[in-house]
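Raw contents of input_34.txt, compact mmCIF, C-alpha atoms and all ligand atoms:
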# COMPACT_ATOMS: atom_id res chain seq x y z
CA MET A 15 6.12 6.81 22.04
CA MET A 16 8.64 9.54 22.74
CA ASN A 17 9.86 12.07 20.25
CA MET A 18 13.57 11.39 19.80
CA ARG A 19 16.15 13.83 18.58
CA ILE A 20 18.94 12.79 16.32
CA PRO A 21 22.30 13.89 17.76
CA ILE A 22 24.43 16.12 15.54
CA LEU A 23 28.16 16.06 16.25
CA LYS A 24 30.64 18.73 15.24
CA LEU A 25 34.20 17.91 14.22
CA ASN A 26 36.24 20.92 13.05
CA ASP A 27 34.14 22.46 10.26
CA THR A 28 32.09 19.31 9.66
CA LEU A 29 28.80 18.13 11.14
CA ILE A 30 28.38 14.39 11.53
CA VAL A 31 25.00 12.74 11.82
CA SER A 32 24.50 9.05 12.33
CA ILE A 33 20.90 7.98 12.04
CA GLN A 34 20.67 5.01 14.38
CA TRP A 35 17.01 4.09 14.40
CA GLU A 36 13.94 4.08 12.23
CA LEU A 37 12.75 7.61 11.49
CA ASP A 38 9.19 8.63 12.18
CA ASP A 39 7.85 11.70 10.39
CA LYS A 40 8.15 14.10 13.32
CA THR A 41 11.71 13.06 14.14
CA ALA A 42 12.70 13.47 10.47
CA LEU A 43 11.29 17.01 10.33
CA GLN A 44 12.83 17.90 13.69
CA PHE A 45 16.17 16.66 12.37
CA GLN A 46 15.86 18.89 9.31
CA GLU A 47 15.32 21.94 11.50
CA ASP A 48 18.03 21.01 14.04
CA LEU A 49 20.60 20.46 11.31
CA LEU A 50 19.96 23.81 9.62
CA ASN A 51 20.09 25.62 12.97
CA LYS A 52 23.33 23.88 13.91
CA MET A 53 24.84 24.85 10.54
CA HIS A 54 23.88 28.44 11.09
CA GLU A 55 25.29 28.51 14.64
CA THR A 56 28.57 26.81 13.78
CA THR A 57 29.20 27.95 10.19
CA ALA A 58 30.02 24.34 9.33
CA ARG A 59 30.84 23.89 5.66
CA GLY A 60 30.27 20.17 5.35
CA ILE A 61 27.84 17.54 6.59
CA VAL A 62 28.07 13.77 6.56
CA ILE A 63 24.85 11.85 7.12
CA ASP A 64 25.36 8.15 7.78
CA LEU A 65 22.42 5.85 7.07
CA THR A 66 24.11 2.48 7.70
CA PRO A 67 21.50 1.10 10.15
CA ILE A 68 18.53 2.25 8.04
CA ASP A 69 16.79 -0.67 6.27
CA PHE A 70 14.20 1.21 4.24
CA ILE A 71 13.53 4.75 3.01
CA ASP A 72 10.05 5.74 1.89
CA SER A 73 9.12 8.78 -0.20
CA PHE A 74 8.55 10.95 2.86
CA ILE A 75 12.00 10.36 4.31
CA ALA A 76 13.52 10.66 0.83
CA LYS A 77 11.87 14.06 0.48
CA VAL A 78 13.17 15.21 3.87
CA LEU A 79 16.70 14.08 2.94
CA GLY A 80 16.50 15.73 -0.48
CA ASP A 81 15.24 18.96 1.09
CA VAL A 82 18.03 18.88 3.70
CA ILE A 83 20.58 18.60 0.89
CA SER A 84 19.05 21.49 -1.12
CA MET A 85 18.71 23.72 1.95
CA SER A 86 22.29 22.99 3.03
CA GLY A 87 23.41 23.93 -0.47
CA LEU A 88 21.59 27.24 -0.16
CA MET A 89 23.43 27.86 3.07
CA GLY A 90 26.76 27.13 1.40
CA ALA A 91 27.47 23.66 2.79
CA LYS A 92 28.12 20.32 1.09
CA VAL A 93 26.41 17.09 2.17
CA VAL A 94 27.70 13.54 1.76
CA ILE A 95 25.34 10.62 2.39
CA THR A 96 26.99 7.39 3.49
CA GLY A 97 26.06 3.77 4.17
CA ILE A 98 23.04 3.31 1.91
CA GLN A 99 22.24 -0.42 2.06
CA PRO A 100 21.67 -2.32 -1.21
CA ALA A 101 18.01 -2.99 -0.32
CA VAL A 102 17.48 0.73 0.30
CA ALA A 103 19.11 1.70 -3.01
CA ILE A 104 16.94 -0.82 -4.90
CA THR A 105 13.65 0.29 -3.31
CA LEU A 106 14.45 3.99 -3.81
CA ILE A 107 14.96 3.42 -7.55
CA GLU A 108 11.77 1.34 -7.75
CA LEU A 109 9.88 4.12 -5.99
CA GLY A 110 11.13 6.32 -8.83
CA ILE A 111 13.28 8.48 -6.56
CA ARG A 112 16.64 9.57 -7.84
CA LEU A 113 18.79 11.48 -5.40
CA GLU A 114 20.56 13.21 -8.28
CA ASP A 115 23.73 15.23 -7.77
CA VAL A 116 24.01 13.79 -4.29
CA LEU A 117 27.48 12.98 -3.03
CA THR A 118 27.61 9.48 -1.57
CA ALA A 119 30.21 7.20 -0.05
CA LEU A 120 30.30 3.64 1.24
CA ASP A 121 30.88 4.46 4.89
CA LEU A 122 31.53 7.30 7.31
CA GLU A 123 35.30 7.20 6.87
CA ASN A 124 35.11 7.39 3.07
CA GLY A 125 32.42 10.05 3.41
CA LEU A 126 34.66 12.28 5.50
CA ASP A 127 37.48 11.84 2.96
CA LYS A 128 35.18 12.71 0.09
CA LEU A 129 33.87 15.77 1.89
CA GLN A 130 37.40 16.98 2.62
CA LYS A 131 38.32 16.68 -1.07
CA GLU A 132 35.14 18.50 -2.12
CA LEU A 133 35.80 21.34 0.31
CA GLU A 134 39.40 21.69 -0.85
CA ALA A 135 38.47 21.64 -4.55
CA MET B 11 -6.33 -20.88 7.06
CA GLU B 12 -5.07 -17.39 6.37
CA TYR B 13 -3.27 -15.48 9.05
CA ARG B 14 -4.23 -11.83 9.34
CA SER B 15 -3.10 -8.93 11.49
CA PHE B 16 -3.80 -5.24 11.32
CA VAL B 17 -3.00 -1.77 12.61
CA ASP B 18 -5.62 0.96 12.77
CA ILE B 19 -4.21 4.21 11.43
CA TYR B 20 -5.07 7.33 13.40
CA THR B 21 -1.74 9.04 14.06
CA GLU B 22 1.75 9.26 12.58
CA TRP B 23 2.90 6.71 15.16
CA ASP B 24 0.52 4.15 13.67
CA ILE B 25 2.45 4.44 10.39
CA VAL B 26 5.56 3.32 12.30
CA ALA B 27 3.59 0.49 13.97
CA ALA B 28 2.18 -0.70 10.63
CA ARG B 29 5.56 -0.94 8.95
CA GLN B 30 7.09 -2.68 11.97
CA LEU B 31 4.31 -5.26 11.79
CA GLY B 32 4.87 -5.61 8.05
CA ARG B 33 8.62 -5.99 8.39
CA ASN B 34 8.13 -8.76 10.99
CA GLU B 35 5.52 -10.55 8.89
CA ALA B 36 7.77 -10.34 5.83
CA LYS B 37 10.74 -11.68 7.78
CA ASN B 38 8.70 -14.50 9.33
CA SER B 39 7.32 -15.42 5.91
CA GLY B 40 10.84 -15.98 4.64
CA PHE B 41 11.34 -12.89 2.48
CA GLY B 42 14.92 -11.72 1.97
CA THR B 43 16.21 -8.28 2.94
CA VAL B 44 15.38 -6.61 -0.39
CA ASP B 45 11.78 -7.88 -0.40
CA GLN B 46 11.46 -6.97 3.29
CA ALA B 47 12.47 -3.42 2.35
CA ARG B 48 10.00 -3.40 -0.57
CA ILE B 49 7.12 -4.59 1.65
CA THR B 50 8.00 -2.20 4.50
CA THR B 51 8.24 0.71 2.07
CA ALA B 52 4.91 -0.16 0.41
CA ILE B 53 3.18 -0.33 3.80
CA SER B 54 4.69 2.99 4.83
CA GLU B 55 3.41 4.66 1.63
CA LEU B 56 -0.11 3.23 1.93
CA ALA B 57 -0.42 3.89 5.67
CA ARG B 58 0.76 7.48 5.21
CA ASN B 59 -1.74 8.00 2.40
CA ILE B 60 -4.53 6.86 4.74
CA TYR B 61 -3.30 9.26 7.43
CA LEU B 62 -2.86 12.18 5.02
CA TYR B 63 -5.87 11.84 2.74
CA ALA B 64 -8.51 9.92 4.69
CA GLY B 65 -7.57 10.85 8.27
CA LYS B 66 -8.06 7.29 9.47
CA GLY B 67 -8.33 3.76 8.23
CA ARG B 68 -6.84 0.30 8.57
CA LEU B 69 -3.70 -1.41 7.33
CA GLU B 70 -4.10 -5.20 7.22
CA ILE B 71 -1.48 -7.79 6.50
CA GLU B 72 -2.41 -11.26 5.37
CA ARG B 73 -0.09 -14.21 4.99
CA LEU B 74 -0.94 -16.08 1.80
CA SER B 75 -0.68 -19.72 0.88
CA GLU B 76 -2.21 -20.58 -2.48
CA ASN B 77 -1.43 -23.57 -4.69
CA GLY B 78 1.92 -24.09 -3.00
CA LEU B 79 2.79 -20.41 -3.36
CA HIS B 80 3.46 -18.26 -0.32
CA GLY B 81 3.27 -14.54 0.02
CA ILE B 82 1.97 -11.45 1.75
CA ARG B 83 -1.01 -9.27 0.99
CA ILE B 84 -1.32 -5.68 2.21
CA ILE B 85 -4.81 -4.25 2.40
CA ALA B 86 -5.10 -0.51 3.05
CA SER B 87 -8.68 0.60 3.51
CA ASP B 88 -10.30 3.87 4.44
CA GLU B 89 -13.63 5.64 4.27
CA GLY B 90 -12.06 8.88 3.12
CA PRO B 91 -12.79 11.07 0.09
CA GLY B 92 -11.88 8.40 -2.48
CA ILE B 93 -9.83 9.05 -5.60
CA GLN B 94 -11.33 11.04 -8.47
CA ASP B 95 -8.76 10.57 -11.18
CA MET B 96 -6.99 7.20 -10.96
CA ARG B 97 -4.91 7.86 -14.09
CA LYS B 98 -3.35 11.02 -12.59
CA VAL B 99 -2.72 9.38 -9.22
CA MET B 100 -0.68 6.62 -10.90
CA GLU B 101 1.57 9.15 -12.64
CA ASP B 102 5.01 9.61 -11.10
CA GLY B 103 5.21 12.99 -9.42
CA TYR B 104 1.47 13.67 -9.09
CA SER B 105 0.62 14.89 -5.58
CA THR B 106 -2.16 17.00 -4.10
CA SER B 107 -0.20 17.55 -0.88
CA GLY B 108 3.21 18.77 -2.02
CA GLY B 109 4.64 15.26 -1.64
CA LEU B 110 6.92 13.52 -4.13
CA GLY B 111 3.96 11.77 -5.77
CA ALA B 112 5.93 8.53 -5.67
CA GLY B 113 3.71 6.50 -3.35
CA MET B 114 1.03 4.99 -5.59
CA PRO B 115 3.16 4.32 -8.71
CA GLY B 116 6.00 3.24 -6.42
CA VAL B 117 3.94 0.66 -4.51
CA LYS B 118 2.79 -0.77 -7.84
CA ARG B 119 6.42 -1.30 -8.89
CA LEU B 120 7.58 -2.58 -5.49
CA MET B 121 4.89 -5.26 -5.25
CA ASP B 122 3.78 -8.08 -7.62
CA GLY B 123 0.06 -7.37 -7.57
CA PHE B 124 -1.67 -4.02 -7.10
CA LYS B 125 -5.38 -3.22 -7.16
CA VAL B 126 -7.31 -0.09 -6.25
CA ASP B 127 -11.03 -0.01 -5.43
CA THR B 128 -12.18 3.53 -4.90
CA GLU B 129 -15.34 5.54 -5.05
CA PRO B 130 -15.49 9.29 -4.53
CA GLY B 131 -17.23 10.06 -1.25
CA VAL B 132 -17.16 6.42 -0.12
CA GLY B 133 -13.53 5.46 0.36
CA THR B 134 -10.55 3.59 -0.97
CA THR B 135 -9.23 0.05 -0.61
CA ILE B 136 -5.82 -0.78 -2.01
CA THR B 137 -4.62 -4.36 -2.18
CA ALA B 138 -0.97 -5.15 -2.90
CA THR B 139 0.56 -8.61 -3.01
CA LYS B 140 4.10 -9.97 -2.96
CA TRP B 141 4.93 -13.61 -3.67
CA LEU B 142 7.83 -15.55 -2.24
CA ARG B 143 10.03 -16.86 -5.04
N1 LIG C 201 -6.31 6.70 0.38
C1 LIG C 201 -6.44 7.79 -0.42
N2 LIG C 201 -7.59 8.51 -0.42
C2 LIG C 201 -7.74 9.60 -1.22
N3 LIG C 201 -6.78 10.08 -2.05
C3 LIG C 201 -5.60 9.41 -2.09
C4 LIG C 201 -5.36 8.25 -1.28
N4 LIG C 201 -4.11 7.79 -1.54
C5 LIG C 201 -3.59 8.64 -2.45
N5 LIG C 201 -4.47 9.62 -2.79
C6 LIG C 201 -4.25 10.70 -3.79
O1 LIG C 201 -3.25 10.27 -4.67
C7 LIG C 201 -2.19 11.23 -4.77
C8 LIG C 201 -0.88 10.55 -5.05
O2 LIG C 201 -0.50 9.74 -3.94
P1 LIG C 201 1.01 9.29 -3.80
O3 LIG C 201 1.46 8.67 -5.08
O4 LIG C 201 1.14 8.49 -2.56
O5 LIG C 201 1.83 10.67 -3.67
P2 LIG C 201 1.85 11.74 -2.47
O6 LIG C 201 1.31 11.07 -1.23
O7 LIG C 201 3.29 12.13 -2.36
O8 LIG C 201 0.97 12.87 -2.90
C9 LIG C 201 -2.25 11.97 -3.44
O9 LIG C 201 -1.67 13.26 -3.52
C10 LIG C 201 -3.75 12.01 -3.16
O10 LIG C 201 -4.37 13.07 -3.85
MG MG C 202 1.76 9.16 -0.60

What is this file in structure tokens?
Amino acid sequence: MMNMRIPILKLNDTLIVSIQWELDDKTALQFQEDLLNKMHETTARGIVIDLTPIDFIDSFIAKVLGDVISMSGLMGAKVVITGIQPAVAITLIELGIRLEDVLTALDLENGLDKLQKELEA
Amino acid sequence: MEYRSFVDIYTEWDIVAARQLGRNEAKNSGFGTVDQARITTAISELARNIYLYAGKGRLEIERLSENGLHGIRIIASDEGPGIQDMRKVMEDGYSTSGGLGAGMPGVKRLMDGFKVDTEPGVGTTITATKWLR
């Protein structure tokens, strides 16, 4: 299998990430690094991560996502997570994982709106 | 007759293969999307534990048919170091690897049946079952 990289798009001062396929551990960690580097290079202030196609999140991927959010916070950026499927929300809670203080929205469009409001506030 | 399939776990890629097998088996057994996610997540946790703590092992999936009930059984077995303190391992947040410590207690909650056979120095076999309602 090939190691895939998740594309990170830049739109004004926002980075947009759409995770389109199942994450293996290496790809998830690579994504973490790529995103922080991109933030540093571009001085983006907001990030939207869309998880619409993702049908499960285990504790490893949850940890990577949680770490990405904390690290982005340290670098002065806000993260909005969008498109969490009902089945994913249910299994995350049953795993005992609470993504507390995490900004979420139903879809990418709402996520971008929410981010804009957060950045203006 | 019971239908069984398995993935040997040696690398991180085998974790992906195991959960893909599990997701397909769950779908083909008639589980809905939420139970498919529960089963896939449980397999991912158990397969990763094999990879992390035992180095190698096997993730087996068995389709069950008992007394008119249908379901899926996950059997994760390894000949790794075994588990010393079962009580600690079942606590939320306990991890010896800097993980979230959500795997073992999480799998127990995600599935209907959960059993651990372990012996320090010999290995660990974890059996988790989900019934179709
Ligand atoms: N197959 C196994 N063999 C030996 N030890 C294990 C095994 N599975 C789990 N453990 C132990 O149980 C602990 C808790 O596991 P888990 O709940 O999955 O959390 P995490 O993997 O995040 O540490 C692990 O840190 C490890 O010490
Ligand atoms: Mg684990």

Find the residues in chain B near chain A: any atom within 6 Å counts, using all atoms listed in the file. Write them as a PyMOL selection string. chain B and resi 44+47-48+51+112+116

Dump of C-alpha atoms for the selected residues, as a compact mmCIF listing (two decimals), keeping the file's coordinate frame:
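File written: part_25.txt
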# COMPACT_ATOMS: atom_id res chain seq x y z
CA VAL B 44 15.38 -6.61 -0.39
CA ALA B 47 12.47 -3.42 2.35
CA ARG B 48 10.00 -3.40 -0.57
CA THR B 51 8.24 0.71 2.07
CA ALA B 112 5.93 8.53 -5.67
CA GLY B 116 6.00 3.24 -6.42

Distance criterion (all atoms listed in the file): nearest to ligand MG 202 (chain C) out of A:Ile68, A:Leu49, A:Ile63, A:Ile75: A:Ile75

Name all residues at most 10 Å from A:Trp35 (count only C-alpha atoms; drop same-chain ones fewer than 5 positions away) and give them as JSON, numbers by chain. {"A": [18, 20, 65, 66, 67, 68, 69]}

Selection file, C-alpha atoms, as a PDB file, keeping the file's coordinate frame:
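Heads up, here's the output in result39.pdb:
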ATOM      1  CA  MET A  18      13.570  11.390  19.800  1.00  0.00           C
ATOM      2  CA  ILE A  20      18.940  12.790  16.320  1.00  0.00           C
ATOM      3  CA  LEU A  65      22.420   5.850   7.070  1.00  0.00           C
ATOM      4  CA  THR A  66      24.110   2.480   7.700  1.00  0.00           C
ATOM      5  CA  PRO A  67      21.500   1.100  10.150  1.00  0.00           C
ATOM      6  CA  ILE A  68      18.530   2.250   8.040  1.00  0.00           C
ATOM      7  CA  ASP A  69      16.790  -0.670   6.270  1.00  0.00           C
TER       8      ASP A  69
END

Which one is closest to ligand LIG 201 (chain C): B:Glu55, B:Asp122, B:Glu70, B:Asp127? Count only C-alpha atoms and all ligand atoms.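 The answer is B:Glu55, which sits nearest to ligand LIG 201 (chain C).
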
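Excluding B:Asp18 and any residue on its chain fewer than 5 positions from it, the residues at most 7 Å away by only C-alpha atoms are B:Asp24, B:Gly67, B:Arg68, B:Leu69.
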
Counting all atoms listed in the file, what are the residues of chain B within 10 Å of ligand LIG 201 (chain C), and for each of them which pair of atoms is the nearest and at what distance in Å, to one decimal? Sort the table by chain and rising number, as a tab-separated table.
residue	atom	partner	partner_atom	distance
B:Ala52	CA	C:LIG201	O4	9.9
B:Ser54	CA	C:LIG201	O4	9.9
B:Glu55	CA	C:LIG201	O4	6.1
B:Leu56	CA	C:LIG201	N4	7.0
B:Ala57	CA	C:LIG201	N1	8.4
B:Arg58	CA	C:LIG201	O6	7.4
B:Asn59	CA	C:LIG201	N4	4.6
B:Ile60	CA	C:LIG201	N1	4.7
B:Tyr61	CA	C:LIG201	N1	8.1
B:Leu62	CA	C:LIG201	O6	7.6
B:Tyr63	CA	C:LIG201	N2	4.9
B:Ala64	CA	C:LIG201	N2	5.4
B:Gly65	CA	C:LIG201	N2	9.0
B:Lys66	CA	C:LIG201	N1	9.3
B:Gly67	CA	C:LIG201	N1	8.6
B:Ala86	CA	C:LIG201	N1	7.8
B:Ser87	CA	C:LIG201	N1	7.3
B:Asp88	CA	C:LIG201	N1	6.4
B:Glu89	CA	C:LIG201	N2	8.2
B:Gly90	CA	C:LIG201	N2	5.7
B:Pro91	CA	C:LIG201	C2	5.4
B:Gly92	CA	C:LIG201	C2	4.5
B:Ile93	CA	C:LIG201	N3	4.8
B:Gln94	CA	C:LIG201	N3	7.9
B:Asp95	CA	C:LIG201	O1	8.5
B:Met96	CA	C:LIG201	O1	7.9
B:Arg97	CA	C:LIG201	O1	9.9
B:Lys98	CA	C:LIG201	C7	7.9
B:Val99	CA	C:LIG201	O1	4.7
B:Met100	CA	C:LIG201	O3	6.5
B:Glu101	CA	C:LIG201	O3	7.6
B:Asp102	CA	C:LIG201	O3	7.1
B:Gly103	CA	C:LIG201	O5	7.1
B:Tyr104	CA	C:LIG201	C8	5.6
B:Ser105	CA	C:LIG201	O8	3.4
B:Thr106	CA	C:LIG201	O9	3.8
B:Ser107	CA	C:LIG201	O8	5.2
B:Gly108	CA	C:LIG201	O8	6.4
B:Gly109	CA	C:LIG201	O7	3.5
B:Leu110	CA	C:LIG201	O7	4.3
B:Gly111	CA	C:LIG201	O5	3.2
B:Ala112	CA	C:LIG201	O3	4.5
B:Gly113	CA	C:LIG201	O4	3.3
B:Met114	CA	C:LIG201	O3	3.7
B:Pro115	CA	C:LIG201	O3	5.9
B:Gly116	CA	C:LIG201	O3	7.2
B:Val117	CA	C:LIG201	O3	8.4
B:Lys118	CA	C:LIG201	O3	9.9
B:Val126	CA	C:LIG201	N1	9.5
B:Thr128	CA	C:LIG201	N2	8.1
B:Glu129	CA	C:LIG201	C2	9.4
B:Pro130	CA	C:LIG201	C2	8.4
B:Gly131	CA	C:LIG201	C2	9.5
B:Val132	CA	C:LIG201	N2	9.8
B:Gly133	CA	C:LIG201	N2	6.7
B:Thr134	CA	C:LIG201	N1	5.4
B:Thr135	CA	C:LIG201	N1	7.3
B:Ile136	CA	C:LIG201	N1	7.9

Between atom CA of A:Leu122 and atom CA of A:Thr96, measure the distance and give it in Å to one decimal. 5.9 Å

So what do you get for atom CA of B:Trp141 versus atom CA of B:Thr43, distance-wise?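 A separation of 14.1 Å between them.
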
Between atom CA of A:Arg59 and atom CA of A:Gly125, what is the distance in Å, rounded to a tenth?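 Between atom CA of A:Arg59 and atom CA of A:Gly125 the gap works out to 14.1 Å.
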
Near B:Ile71, within 10 Å and counting only C-alpha atoms, which residues show up once chain neighbours fewer than 4 positions away are dropped, as a list in words? Tyr13, Arg14, Ser15, Phe16, Val17, Ala28, Leu31, Gly32, Glu35, Ala36, Ile53, Ile82, Arg83, Ile84, Ile85, Ala86, Thr137, Ala138 and Thr139 of chain B

Requested write-out: C-alpha atoms of the selected residues, as a CSV table (one decimal), keeping the file's coordinate frame:
chain,number,residue,atom,x,y,z
B,13,TYR,CA,-3.3,-15.5,9.0
B,14,ARG,CA,-4.2,-11.8,9.3
B,15,SER,CA,-3.1,-8.9,11.5
B,16,PHE,CA,-3.8,-5.2,11.3
B,17,VAL,CA,-3.0,-1.8,12.6
B,28,ALA,CA,2.2,-0.7,10.6
B,31,LEU,CA,4.3,-5.3,11.8
B,32,GLY,CA,4.9,-5.6,8.0
B,35,GLU,CA,5.5,-10.6,8.9
B,36,ALA,CA,7.8,-10.3,5.8
B,53,ILE,CA,3.2,-0.3,3.8
B,82,ILE,CA,2.0,-11.4,1.8
B,83,ARG,CA,-1.0,-9.3,1.0
B,84,ILE,CA,-1.3,-5.7,2.2
B,85,ILE,CA,-4.8,-4.2,2.4
B,86,ALA,CA,-5.1,-0.5,3.0
B,137,THR,CA,-4.6,-4.4,-2.2
B,138,ALA,CA,-1.0,-5.2,-2.9
B,139,THR,CA,0.6,-8.6,-3.0

So that I can see what lies close to A:Ile22, please list as a ChimeraX atom specification the residues with an atom at most 12 Å from it, counting all atoms listed in the file and leaving out residues fewer than 3 positions away in the same chain. /A:19,25,28-34,44-53,56,58,61-64
